[in-house]
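First up is the structure itself, then whatever we jot down about it.
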Amino acid sequence: MEPAPRWVLHVDLDQFIAAVEVLRRPELRGRPVVVGGDGDPGKRGVVSTASYEARAFGVHSGMPLRTAARKCPDAVFLPVDREVYEAASTTVMDTLRTFDAVVEVLGWDEAFLGVRTDDPEALAREVQRRVREATGLDCSVGIGQNLLQAKLATGFGKPAGVFRITHDSWFGLLGDRPTDVLWGIGAKTAKRLSGLGITTVRELAETDPEALAAQVGPKTGPWLVNLGRGLSRARVTGTPWVARSRSREVTFQVNVADWAEVQAEVARVARQVAQDVAAEQRPVDRVTVKVRYAPFTTHTHGHPLPGPTLDATVIEDGAAAALAMFAEHRPVRLVGVRAEFAGA
């Protein structure tokens, strides 16, 4: 008897953070909810997540809270409560591990399941049932023959639905869509492809890999063409997810024009990051500094460290060196520091 076919399921919790908040405050169900910063839209900060009701007004993740308040003045604004979200996420992932499946966690609110089954839709609905029973949260489940297909299928199933994409249905569903619909292709890459005359998924799939490699790199070119063809890793790995870096940032409530003050704040944040790194005892070998100029333009510069280290002074010096690479000393609204783990 032949084994059941192998499938990949992508489980994505719908409006996760907002949904957790609504579970805590049932009276908010059906109302526009925005979570971000300390919950005060009069202060600077960005949206972490927005409920579907808020999204209908154009509110989305990464948007300044003040902009969100203008777009949806009747929204309920709530502060970020990381510990509560982590606890809910842990319960969800533990629930997924009750299945006869390999589970690959992507973050708080999504994971891949590698399964063998003759009826992946039935299994997906059982996943939804168990997650809802354990947490009260809804999830969408994408089904595919590889991770890429499953990931994109989830978008077709939202909210709280199930959808399948296969090699046979790939071009019918995605062929005429822009390349940035593909998981792994962002706005910059899509713009570069457009400059080469490649604007759709089908056009990308039909591109000669070697010709594209000559334009974007020997590894990147063939990889992009494979994305266009719906090809990616087919096996889910159960290797525990491990963070590749640790970072912190601070948003100034008033723009900082004095660069000496910016330098002092970067040094302070770098020391906080060094404490986080020391707590994990995982050496870092590169530091990246993010600066968001007023009104909302963000730039980053990275600096390699002399070698893998846990030394706070070395990390702080690396952040200072990265900050020195910023030529423009315009008013700043946010600074951040990221330390990248060696070998990550």
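Order determines the names: the first chain of the structure tokens is A, the second B, and so forth; residues in each chain are numbered 1 upward, and ligands are numbered 1 upward as they are shown.
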- [ ] Could you give me, as an MDAnalysis selection string, the residues within 9 Å of Leu137 in chain A, counting only C-alpha atoms and dropping anything in the same chain fewer than 6 positions from it?
- [x] chainID A and resid 13:14 16 19:20 23 92 128 131
Open item on the list: Write out as a ChimeraX atom specification the set of residues from range 153-193 of chain A that DSSP, computed on the backbone, places in strand (DSSP E or B).
Closed with: /A:162-165,178
Open item on the list: Rounded to one decimal, what separation in Å do you get between CA of Arg202 in chain A and CA of Arg229 in chain A?
Closed with: 7.6 Å
Task: Selected residue of minimal separation from Pro64 in chain A among A:Arg44, A:Arg82, A:Arg29, A:Arg192, counting only C-alpha atoms - done: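 When distances to Pro64 in chain A are compared using only C-alpha atoms, the smallest one comes from A:Arg44.
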TODO: Enter the distance from CA of Gly307 in chain A to CA of Ala344 in chain A, in Å, rounded to one decimal.
DONE: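 That distance, rounded to one decimal, is 13.9 Å.
Taking only C-alpha atoms, the non-local environment of Arg6 in chain A within 8 Å (same-chain residues fewer than 5 positions away omitted) comprises Gly114, Val115, Arg116, Thr117 and Gln145 of chain A.
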Open item on the list: With distances taken over only C-alpha atoms, which residue among A:Gln215, A:Thr300, A:Thr309, A:Gln272 lies nearest Ala327 in chain A?
Closed with: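 When distances to Ala327 in chain A are compared using only C-alpha atoms, the smallest one comes from A:Thr300.
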- [ ] Kindly give the distance, in Å, that separates CA of Ala205 in chain A and CA of Trp7 in chain A, rounded to a single decimal.
- [x] 22.7 Å
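For the residues A:Ala134, A:Val105, A:Ala270, A:Ala190, ranking by smallest atom-to-atom distance to Ala243 in chain A using only C-alpha atoms places A:Val105 first.
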- [ ] Would you return as a ChimeraX atom specification the members of range 233-310 of chain A that DSSP assigns to helix (DSSP H, G or I) on this structure's backbone?
- [x] /A:259-280
